[in-house]
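Source file: start.txt. Holds: compact mmCIF, C-alpha atoms and all ligand atoms.
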# COMPACT_ATOMS: atom_id res chain seq x y z
CA MET A 1 11.34 15.88 0.79
CA ARG A 2 14.49 13.79 1.35
CA MET A 3 14.84 12.42 4.87
CA ARG A 4 18.15 12.79 6.67
CA ARG A 5 19.91 9.43 7.10
CA LYS A 6 19.22 7.91 10.51
CA LYS A 7 22.04 5.95 12.11
CA TRP A 8 19.61 4.17 14.41
CA ALA A 9 17.30 2.98 11.59
CA ARG A 10 18.93 -0.31 10.63
CA PRO A 11 19.92 -1.39 14.17
CA GLU A 12 16.36 -0.79 15.42
CA LEU A 13 14.73 -2.55 12.48
CA SER A 14 17.11 -5.50 12.66
CA VAL A 15 15.84 -6.41 16.15
CA CYS A 16 12.19 -5.57 15.52
CA PRO A 17 10.14 -8.81 15.70
CA TYR A 18 7.46 -7.55 13.29
CA PHE A 19 9.88 -6.16 10.68
CA MET A 20 10.19 -8.80 7.93
CA LYS A 21 13.85 -8.89 6.86
CA ASP A 22 13.66 -11.29 3.94
CA PRO A 23 10.09 -10.68 2.83
CA SER A 24 9.98 -12.47 -0.53
CA LYS A 25 10.61 -15.76 1.36
CA ASN A 26 7.08 -15.35 2.74
CA ARG A 27 5.51 -15.26 -0.72
CA GLY A 28 2.49 -17.57 -0.60
CA HIS A 29 2.81 -17.85 3.22
CA TRP A 30 1.92 -14.39 4.49
CA ALA A 31 -1.00 -15.54 6.65
CA GLU A 32 1.40 -17.70 8.70
CA GLN A 33 3.45 -14.63 9.64
CA PHE A 34 0.58 -13.40 11.85
CA GLU A 35 -0.66 -14.71 15.22
CA ARG A 36 -4.19 -15.08 13.77
CA PRO A 37 -3.66 -16.34 10.19
CA GLU A 38 -7.39 -16.74 9.48
CA GLN A 39 -8.01 -12.96 9.62
CA PRO A 40 -8.58 -10.74 6.54
CA PHE A 41 -5.30 -9.55 5.04
CA TRP A 42 -4.79 -5.85 4.22
CA LEU A 43 -1.80 -4.05 2.66
CA GLU A 44 -0.66 -0.46 2.89
CA LEU A 45 1.57 0.51 -0.05
CA GLY A 46 4.04 3.36 0.57
CA CYS A 47 3.28 3.52 4.30
CA GLY A 48 5.79 6.32 5.02
CA LYS A 49 6.02 7.08 8.75
CA GLY A 50 3.39 4.48 9.54
CA THR A 51 0.82 6.47 11.51
CA TYR A 52 -2.05 5.30 9.27
CA ALA A 53 -0.95 1.64 9.41
CA ALA A 54 -0.54 1.82 13.19
CA ARG A 55 -3.93 3.43 13.73
CA VAL A 56 -5.82 1.09 11.36
CA ALA A 57 -4.23 -2.10 12.70
CA ALA A 58 -4.51 -1.08 16.38
CA ASP A 59 -8.18 -0.12 15.90
CA HIS A 60 -8.89 -3.37 14.00
CA PRO A 61 -7.41 -6.35 15.85
CA GLU A 62 -9.66 -8.53 13.63
CA ILE A 63 -7.50 -7.88 10.51
CA ASN A 64 -3.83 -8.49 9.61
CA LEU A 65 -1.94 -5.64 7.95
CA LEU A 66 1.35 -5.62 6.03
CA ALA A 67 2.78 -2.09 5.62
CA ILE A 68 5.35 -1.65 2.84
CA ASP A 69 7.78 1.12 1.96
CA ILE A 70 11.05 1.18 0.06
CA LYS A 71 13.05 3.29 2.53
CA SER A 72 14.49 1.87 5.70
CA ASP A 73 14.94 5.29 7.33
CA ILE A 74 11.20 5.93 6.98
CA LEU A 75 10.33 2.40 8.10
CA ALA A 76 12.37 2.93 11.26
CA VAL A 77 10.30 6.02 12.05
CA ALA A 78 7.19 3.94 11.30
CA ARG A 79 8.38 1.33 13.80
CA ARG A 80 8.62 3.96 16.54
CA ASN A 81 5.16 5.31 15.71
CA ILE A 82 3.69 1.80 15.74
CA GLN A 83 5.28 1.09 19.14
CA ALA A 84 3.74 4.28 20.54
CA VAL A 85 0.23 3.62 19.18
CA TYR A 86 0.13 -0.01 20.38
CA ALA A 87 1.60 0.94 23.79
CA GLU A 88 -1.18 3.49 24.19
CA ALA A 89 -3.73 0.85 23.19
CA GLY A 90 -2.14 -1.55 25.73
CA ARG A 91 -1.75 -4.29 23.10
CA PRO A 92 1.15 -6.28 21.59
CA VAL A 93 1.87 -5.68 17.89
CA ASP A 94 0.31 -8.97 16.82
CA ASN A 95 -1.58 -8.01 13.64
CA LEU A 96 0.86 -5.64 11.90
CA ARG A 97 4.02 -6.44 9.92
CA LEU A 98 6.42 -3.99 8.29
CA THR A 99 8.70 -4.57 5.35
CA ALA A 100 10.98 -2.88 2.79
CA TYR A 101 10.06 -3.65 -0.82
CA GLU A 102 9.76 -2.16 -4.30
CA ILE A 103 6.04 -1.98 -5.06
CA GLY A 104 6.76 -1.97 -8.80
CA ILE A 105 7.50 -5.72 -8.45
CA ILE A 106 4.99 -6.51 -5.71
CA HIS A 107 3.92 -9.68 -7.55
CA THR A 108 7.26 -11.16 -6.46
CA LEU A 109 6.31 -10.50 -2.81
CA LEU A 110 2.70 -11.73 -2.84
CA ALA A 111 1.27 -14.84 -4.51
CA PRO A 112 -2.33 -15.69 -5.49
CA GLU A 113 -2.53 -17.86 -2.31
CA ASP A 114 -1.95 -14.78 -0.15
CA THR A 115 -5.47 -13.54 -1.08
CA VAL A 116 -5.39 -9.90 -0.10
CA ASP A 117 -8.71 -8.37 1.05
CA ARG A 118 -7.79 -4.70 0.91
CA ILE A 119 -5.05 -2.46 -0.49
CA CYS A 120 -4.63 1.04 0.97
CA ILE A 121 -2.69 3.62 -1.07
CA ASN A 122 -2.28 7.01 0.57
CA PHE A 123 -0.74 10.12 -1.00
CA CYS A 124 1.52 8.27 -3.40
CA ASN A 125 3.80 10.27 -5.67
CA PRO A 126 1.60 11.80 -8.45
CA TRP A 127 4.30 11.44 -11.16
CA PRO A 128 2.72 14.24 -13.27
CA HIS A 129 4.96 13.95 -16.35
CA THR A 130 3.62 11.75 -19.14
CA GLY A 131 6.76 9.63 -19.35
CA HIS A 132 6.68 8.85 -15.61
CA ARG A 133 2.99 8.03 -15.17
CA LYS A 134 3.54 4.29 -15.31
CA LYS A 135 5.29 4.63 -11.93
CA ARG A 136 2.02 5.71 -10.28
CA LEU A 137 0.80 3.15 -7.75
CA THR A 138 -2.68 3.29 -9.36
CA HIS A 139 -1.44 2.98 -12.96
CA PRO A 140 -2.93 0.08 -15.02
CA LYS A 141 0.53 -1.51 -14.98
CA GLN A 142 0.20 -1.80 -11.18
CA LEU A 143 -3.46 -2.91 -11.31
CA VAL A 144 -2.34 -5.97 -13.30
CA LEU A 145 0.02 -6.89 -10.45
CA TYR A 146 -2.57 -6.29 -7.70
CA ALA A 147 -5.16 -8.44 -9.52
CA SER A 148 -2.79 -11.41 -9.22
CA PHE A 149 -3.25 -11.63 -5.43
CA LEU A 150 -6.57 -9.91 -4.62
CA ARG A 151 -9.51 -11.90 -3.31
CA ASP A 152 -12.80 -11.71 -5.24
CA GLY A 153 -14.62 -8.64 -3.87
CA ALA A 154 -11.44 -7.09 -2.41
CA GLU A 155 -11.22 -3.31 -2.16
CA ILE A 156 -8.61 -0.71 -3.02
CA HIS A 157 -8.85 2.39 -0.80
CA PHE A 158 -7.05 5.34 -2.38
CA LYS A 159 -6.46 8.86 -0.98
CA THR A 160 -4.57 11.74 -2.54
CA ASP A 161 -4.13 15.52 -2.48
CA ASP A 162 -3.54 15.62 -6.25
CA ASP A 163 -6.53 16.42 -8.51
CA ASP A 164 -4.95 15.16 -11.74
CA LEU A 165 -3.79 11.90 -10.18
CA PHE A 166 -7.26 11.40 -8.67
CA ARG A 167 -9.05 12.09 -11.97
CA ASP A 168 -6.70 9.77 -13.88
CA SER A 169 -7.00 7.07 -11.20
CA LEU A 170 -10.81 7.15 -11.40
CA GLU A 171 -10.36 6.44 -15.10
CA TYR A 172 -7.74 3.72 -14.59
CA PHE A 173 -9.96 1.84 -12.13
CA THR A 174 -13.25 2.14 -14.00
CA GLN A 175 -11.78 1.48 -17.44
CA TRP A 176 -9.94 -1.66 -16.38
CA GLY A 177 -12.58 -3.54 -14.45
CA PHE A 178 -12.32 -2.19 -10.89
CA PRO A 179 -15.67 -0.41 -10.46
CA VAL A 180 -15.49 2.57 -8.14
CA THR A 181 -18.04 2.04 -5.38
CA TYR A 182 -17.36 5.21 -3.38
CA VAL A 183 -15.88 8.56 -4.31
CA THR A 184 -15.50 11.92 -2.60
CA TRP A 185 -13.51 15.00 -3.60
CA ASP A 186 -13.50 16.13 0.05
CA LEU A 187 -13.04 13.30 2.53
CA HIS A 188 -13.08 15.53 5.59
CA GLU A 189 -16.40 17.09 4.60
CA SER A 190 -17.90 13.73 3.62
CA GLY A 191 -18.62 12.60 7.17
CA ARG A 192 -16.57 9.40 6.72
CA THR A 193 -14.47 8.72 9.78
CA ASP A 194 -12.99 5.28 9.03
CA SER A 195 -9.81 6.48 7.30
CA PRO A 196 -7.23 7.80 9.80
CA SER A 197 -5.15 10.76 8.65
CA THR A 198 -1.66 10.18 7.29
CA GLU A 199 1.35 12.50 7.75
CA HIS A 200 0.95 13.87 4.22
CA GLU A 201 -2.77 14.29 4.70
CA GLU A 202 -2.18 16.46 7.76
CA MET A 203 0.41 18.51 5.90
CA PHE A 204 -1.84 19.11 2.86
CA THR A 205 -4.92 19.77 5.01
CA ALA A 206 -2.97 22.47 6.86
CA GLN A 207 -2.29 24.06 3.43
CA GLY A 208 -6.04 24.04 2.64
CA ILE A 209 -5.75 21.20 0.10
CA LYS A 210 -8.65 18.77 0.17
CA THR A 211 -8.20 15.01 0.50
CA LYS A 212 -9.73 13.05 -2.37
CA PHE A 213 -10.78 9.45 -1.58
CA LEU A 214 -12.20 6.50 -3.51
CA ILE A 215 -12.91 2.80 -3.07
CA ALA A 216 -12.54 0.48 -6.09
CA ARG A 217 -13.55 -3.18 -6.14
CA TYR A 218 -11.82 -6.21 -7.65
CA ARG A 219 -14.47 -8.51 -9.16
CA GLY A 220 -12.55 -11.73 -9.81
CA GLU A 221 -13.15 -13.14 -13.27
CA ALA A 222 -14.93 -10.01 -14.53
CA THR A 223 -11.93 -7.84 -13.63
CA ASP A 224 -9.49 -10.41 -15.01
CA ARG A 225 -11.29 -10.30 -18.39
CA GLN A 226 -10.83 -6.52 -18.50
CA ILE A 227 -7.18 -6.94 -17.58
CA GLU A 228 -6.70 -9.45 -20.41
CA LYS A 229 -8.22 -6.88 -22.76
CA MET A 230 -5.87 -4.23 -21.37
CA LEU A 231 -2.85 -6.49 -21.88
CA SER A 232 -3.84 -7.25 -25.47
CA GLN A 233 -4.02 -3.48 -26.15
CA TYR A 234 -0.99 -2.57 -24.06
CA PRO A 235 1.35 -5.58 -23.93
CA LYS A 236 3.95 -3.37 -22.23
CA PHE A 237 1.79 -3.42 -19.08
CA ALA A 238 2.50 -7.14 -18.57
CA PRO A 239 4.48 -7.81 -15.37
CA ALA A 240 8.22 -7.67 -15.83
CA LYS A 241 9.91 -11.00 -15.26
CA VAL A 242 12.12 -10.58 -12.20
CA PRO A 243 14.48 -13.50 -11.67
CA GLU A 244 14.52 -14.62 -8.06
CA GLY A 245 17.11 -12.92 -5.90
CA VAL A 246 17.74 -10.02 -8.29
CA PHE A 247 15.89 -7.42 -6.24
CA LYS A 248 17.54 -6.70 -2.91
CA PRO A 249 15.46 -4.54 -0.59
CA GLU A 250 17.44 -1.58 0.68
CA ILE A 251 17.42 -2.90 4.23
CA VAL A 252 19.30 -6.19 3.78
C1 LIG A 301 4.46 10.81 -0.48
S1 LIG A 301 4.90 9.56 0.65
C2 LIG A 301 3.35 9.17 1.46
C3 LIG A 301 3.57 8.50 2.78
C4 LIG A 301 2.28 8.17 3.54
N1 LIG A 301 1.50 7.18 2.81
C5 LIG A 301 1.47 9.40 3.82
O1 LIG A 301 0.36 9.51 3.29
O2 LIG A 301 1.93 10.24 4.59
C6 LIG A 301 5.11 8.16 -0.44
C7 LIG A 301 5.81 6.99 0.25
O3 LIG A 301 5.82 5.89 -0.67
C8 LIG A 301 7.11 5.31 -0.69
N2 LIG A 301 7.28 4.77 -2.05
C9 LIG A 301 7.22 5.48 -3.20
N3 LIG A 301 7.40 4.68 -4.25
C10 LIG A 301 7.58 3.42 -3.76
C11 LIG A 301 7.82 2.16 -4.37
N4 LIG A 301 7.90 2.02 -5.68
N5 LIG A 301 7.97 1.08 -3.57
C12 LIG A 301 7.88 1.21 -2.21
N6 LIG A 301 7.65 2.39 -1.58
C13 LIG A 301 7.50 3.47 -2.35
C14 LIG A 301 8.07 6.43 -0.36
O4 LIG A 301 9.28 5.96 0.20
C15 LIG A 301 7.24 7.27 0.62
O5 LIG A 301 7.45 6.89 1.96

Spell out the structure here as structure tokens.
Ligand SMILES: C[S@@+](CC[C@H](N)C(=O)[O-])C[C@H]1O[C@@H](n2cnc3c(N)ncnc32)[C@H](O)[C@@H]1O
Amino acid sequence: MRMRRKKWARPELSVCPYFMKDPSKNRGHWAEQFERPEQPFWLELGCGKGTYAARVAADHPEINLLAIDIKSDILAVARRNIQAVYAEAGRPVDNLRLTAYEIGIIHTLLAPEDTVDRICINFCNPWPHTGHRKKRLTHPKQLVLYASFLRDGAEIHFKTDDDDLFRDSLEYFTQWGFPVTYVTWDLHESGRTDSPSTEHEEMFTAQGIKTKFLIARYRGEATDRQIEKMLSQYPKFAPAKVPEGVFKPEIV
């Protein structure tokens, strides 16, 4: 669903202290962008209206979270939701940062030194047509990029409404060296309560569609060996070279 353009989006984001306006400048220095740099570093990819990011970060002051989306109109809504959740919690927004970026080139935003502990991907576009599948945020092409900045033992938490995407993603992760350590085809029946609902999750749940959820683990050298094997079989999955300054996030 296309969101109507919001006149207030850019003005509000431009004065937001936790919205990162020139994010690729922080590559290799993300920890320093947070009040407590020593804390574990989590990402949410395709954060949409930000209710999940806000809930997770407000409930876990002991982690730092960077929430990323490509659209400034959505990020502006996320900013308002974050303000509301932190105000209710009576806390400053000290462990959450927002930014606009293209996840397809996320290796130009995060460096190996940024050592990410967790990636959360919630209800990403399923891209069902064969020719579009490489755009999926769980596609092997993306796993290569994530491996470049994940810490040994890091986790990828993935939720979706889409059965085919979930089935394919289970295969992507297990085949390419990210063993799946937890899987449920019905998160809400599973008894797990540590994954706050997202806007899309609420919408699909209201339609009777179950939320599928998995956790996959990055295993350092063992995963990297599998990735090397993948790249020798599928050289097209190697990260595209993006000359510095070519990608301009929508917001700037
Ligand atoms: C279907 S929505 C899901 C939003 C939210 N995670 C939820 O569960 O409600 C997918 C979001 O990912 C963002 N997105 C899709 N592809 C992206 C990309 N390549 N780079 C950055 N953001 C992307 C979209 O703008 C959108 O907000």

Per-residue nearest contacts of chain A to ligand LIG 301 (chain A) (7 Å; all atoms listed in the file) as JSON lines:
{"residue": "A:Leu45", "atom": "CA", "partner": "A:LIG301", "partner_atom": "N6", "distance": 6.5}
{"residue": "A:Gly46", "atom": "CA", "partner": "A:LIG301", "partner_atom": "O3", "distance": 3.3}
{"residue": "A:Cys47", "atom": "CA", "partner": "A:LIG301", "partner_atom": "N1", "distance": 4.3}
{"residue": "A:Gly48", "atom": "CA", "partner": "A:LIG301", "partner_atom": "O5", "distance": 3.5}
{"residue": "A:Lys49", "atom": "CA", "partner": "A:LIG301", "partner_atom": "C4", "distance": 6.5}
{"residue": "A:Ile68", "atom": "CA", "partner": "A:LIG301", "partner_atom": "C12", "distance": 6.3}
{"residue": "A:Asp69", "atom": "CA", "partner": "A:LIG301", "partner_atom": "N6", "distance": 3.8}
{"residue": "A:Ile70", "atom": "CA", "partner": "A:LIG301", "partner_atom": "C12", "distance": 3.9}
{"residue": "A:Lys71", "atom": "CA", "partner": "A:LIG301", "partner_atom": "O4", "distance": 5.2}
{"residue": "A:Ile74", "atom": "CA", "partner": "A:LIG301", "partner_atom": "O5", "distance": 6.3}
{"residue": "A:Tyr101", "atom": "CA", "partner": "A:LIG301", "partner_atom": "C12", "distance": 5.5}
{"residue": "A:Glu102", "atom": "CA", "partner": "A:LIG301", "partner_atom": "N5", "distance": 3.8}
{"residue": "A:Ile103", "atom": "CA", "partner": "A:LIG301", "partner_atom": "N5", "distance": 3.9}
{"residue": "A:Gly104", "atom": "CA", "partner": "A:LIG301", "partner_atom": "N4", "distance": 5.2}
{"residue": "A:Ile121", "atom": "CA", "partner": "A:LIG301", "partner_atom": "N1", "distance": 6.7}
{"residue": "A:Asn122", "atom": "CA", "partner": "A:LIG301", "partner_atom": "N1", "distance": 4.4}
{"residue": "A:Phe123", "atom": "CA", "partner": "A:LIG301", "partner_atom": "O1", "distance": 4.5}
{"residue": "A:Cys124", "atom": "CA", "partner": "A:LIG301", "partner_atom": "C6", "distance": 4.7}
{"residue": "A:Asn125", "atom": "CA", "partner": "A:LIG301", "partner_atom": "C1", "distance": 5.3}
{"residue": "A:Thr198", "atom": "CA", "partner": "A:LIG301", "partner_atom": "O2", "distance": 4.5}
{"residue": "A:Glu199", "atom": "CA", "partner": "A:LIG301", "partner_atom": "O2", "distance": 3.9}
{"residue": "A:His200", "atom": "CA", "partner": "A:LIG301", "partner_atom": "O2", "distance": 3.8}
{"residue": "A:Glu201", "atom": "CA", "partner": "A:LIG301", "partner_atom": "O1", "distance": 5.9}

Please report as a Markdown table every residue of stretch 87-159 of chain A lying within 12 Å of stretch 13-22 of chain A, along with the nearest atom pair and their distance in Å (one decimal), using all atoms listed in the file.
| residue | atom | partner | partner_atom | distance |
| --- | --- | --- | --- | --- |
| A:Pro92 | CA | A:Tyr18 | CA | 10.5 |
| A:Val93 | CA | A:Tyr18 | CA | 7.5 |
| A:Asp94 | CA | A:Tyr18 | CA | 8.1 |
| A:Asn95 | CA | A:Tyr18 | CA | 9.1 |
| A:Leu96 | CA | A:Tyr18 | CA | 7.0 |
| A:Arg97 | CA | A:Tyr18 | CA | 4.9 |
| A:Leu98 | CA | A:Phe19 | CA | 4.7 |
| A:Thr99 | CA | A:Met20 | CA | 5.2 |
| A:Ala100 | CA | A:Lys21 | CA | 7.8 |
| A:Tyr101 | CA | A:Asp22 | CA | 9.7 |
| A:Leu109 | CA | A:Asp22 | CA | 10.0 |

Serialized selection, C-alpha atoms, as a short mmCIF file (atom, residue, chain, number, x, y, z; two decimals), keeping the file's coordinate frame:
data_model
loop_
_atom_site.label_atom_id
_atom_site.label_comp_id
_atom_site.auth_asym_id
_atom_site.auth_seq_id
_atom_site.Cartn_x
_atom_site.Cartn_y
_atom_site.Cartn_z
CA PRO A 92 1.15 -6.28 21.59
CA VAL A 93 1.87 -5.68 17.89
CA ASP A 94 0.31 -8.97 16.82
CA ASN A 95 -1.58 -8.01 13.64
CA LEU A 96 0.86 -5.64 11.90
CA ARG A 97 4.02 -6.44 9.92
CA LEU A 98 6.42 -3.99 8.29
CA THR A 99 8.70 -4.57 5.35
CA ALA A 100 10.98 -2.88 2.79
CA TYR A 101 10.06 -3.65 -0.82
CA LEU A 109 6.31 -10.50 -2.81
#

| What does the distance between atom CA of A:Gln83 and atom CA of A:Ala53 come to in Å, to one decimal place? |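 It comes out at 11.6 Å.
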
| request: Please identify all polymer residues within 12 Å of A:Thr174, counting all atoms listed in the file, omitting same-chain residues fewer than 3 positions from it, and present them as number ranges by chain. | output: A: 138-140, 143, 167-171, 177-183, 214-219, 223, 226-227

| How many Å separate atom CA of A:Leu145 from atom CA of A:Leu66? |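 Computed distance, atom CA of A:Leu145 to atom CA of A:Leu66, equals 16.6 Å.
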
| said: Please determine, counting only C-alpha atoms, which residue among A:Thr184, A:Ser232, A:Asn64, A:Asn81 has the shortest atom-to-atom distance to A:Trp30. | reply: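 For A:Trp30, the nearest of the given residues is A:Asn64.
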
| request: State, in Å with one decimal place, the distance from atom CA of A:Arg133 to atom CA of A:Arg27. | output: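 Computing it gives 27.5 Å between the two atoms.
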
| task | Please identify all polymer residues lying at most 12 Å from the point (-7.5, -15.7, -13.7) (file coordinates), using all atoms listed in the file, and present the result as a PyMOL selection string. | result | chain A and resi 112+144+147-152+219-228

| query | Which residues, written as a PyMOL selection string, have at least one atom at most 8 Å from stretch 9-11 of chain A, with all atoms listed in the file counted and residues fewer than 2 positions away on the same chain left out? | reply | chain A and resi 6-7+13-15+72-73+75-77+251

| task | Name the closest residue to A:Lys159 among the candidates A:Lys134, A:Lys212, A:Pro126, A:Leu110; distances are taken between atoms, counting all atoms listed in the file. | result |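 Under the stated criterion, the closest residue is A:Lys212.
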
| field | Nearest residue to A:Thr108 from the set A:Lys25, A:Arg192, A:Arg4, A:Lys229 (distances using all atoms listed in the file) | value |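 That would be A:Lys25, the residue with the smallest distance to A:Thr108.
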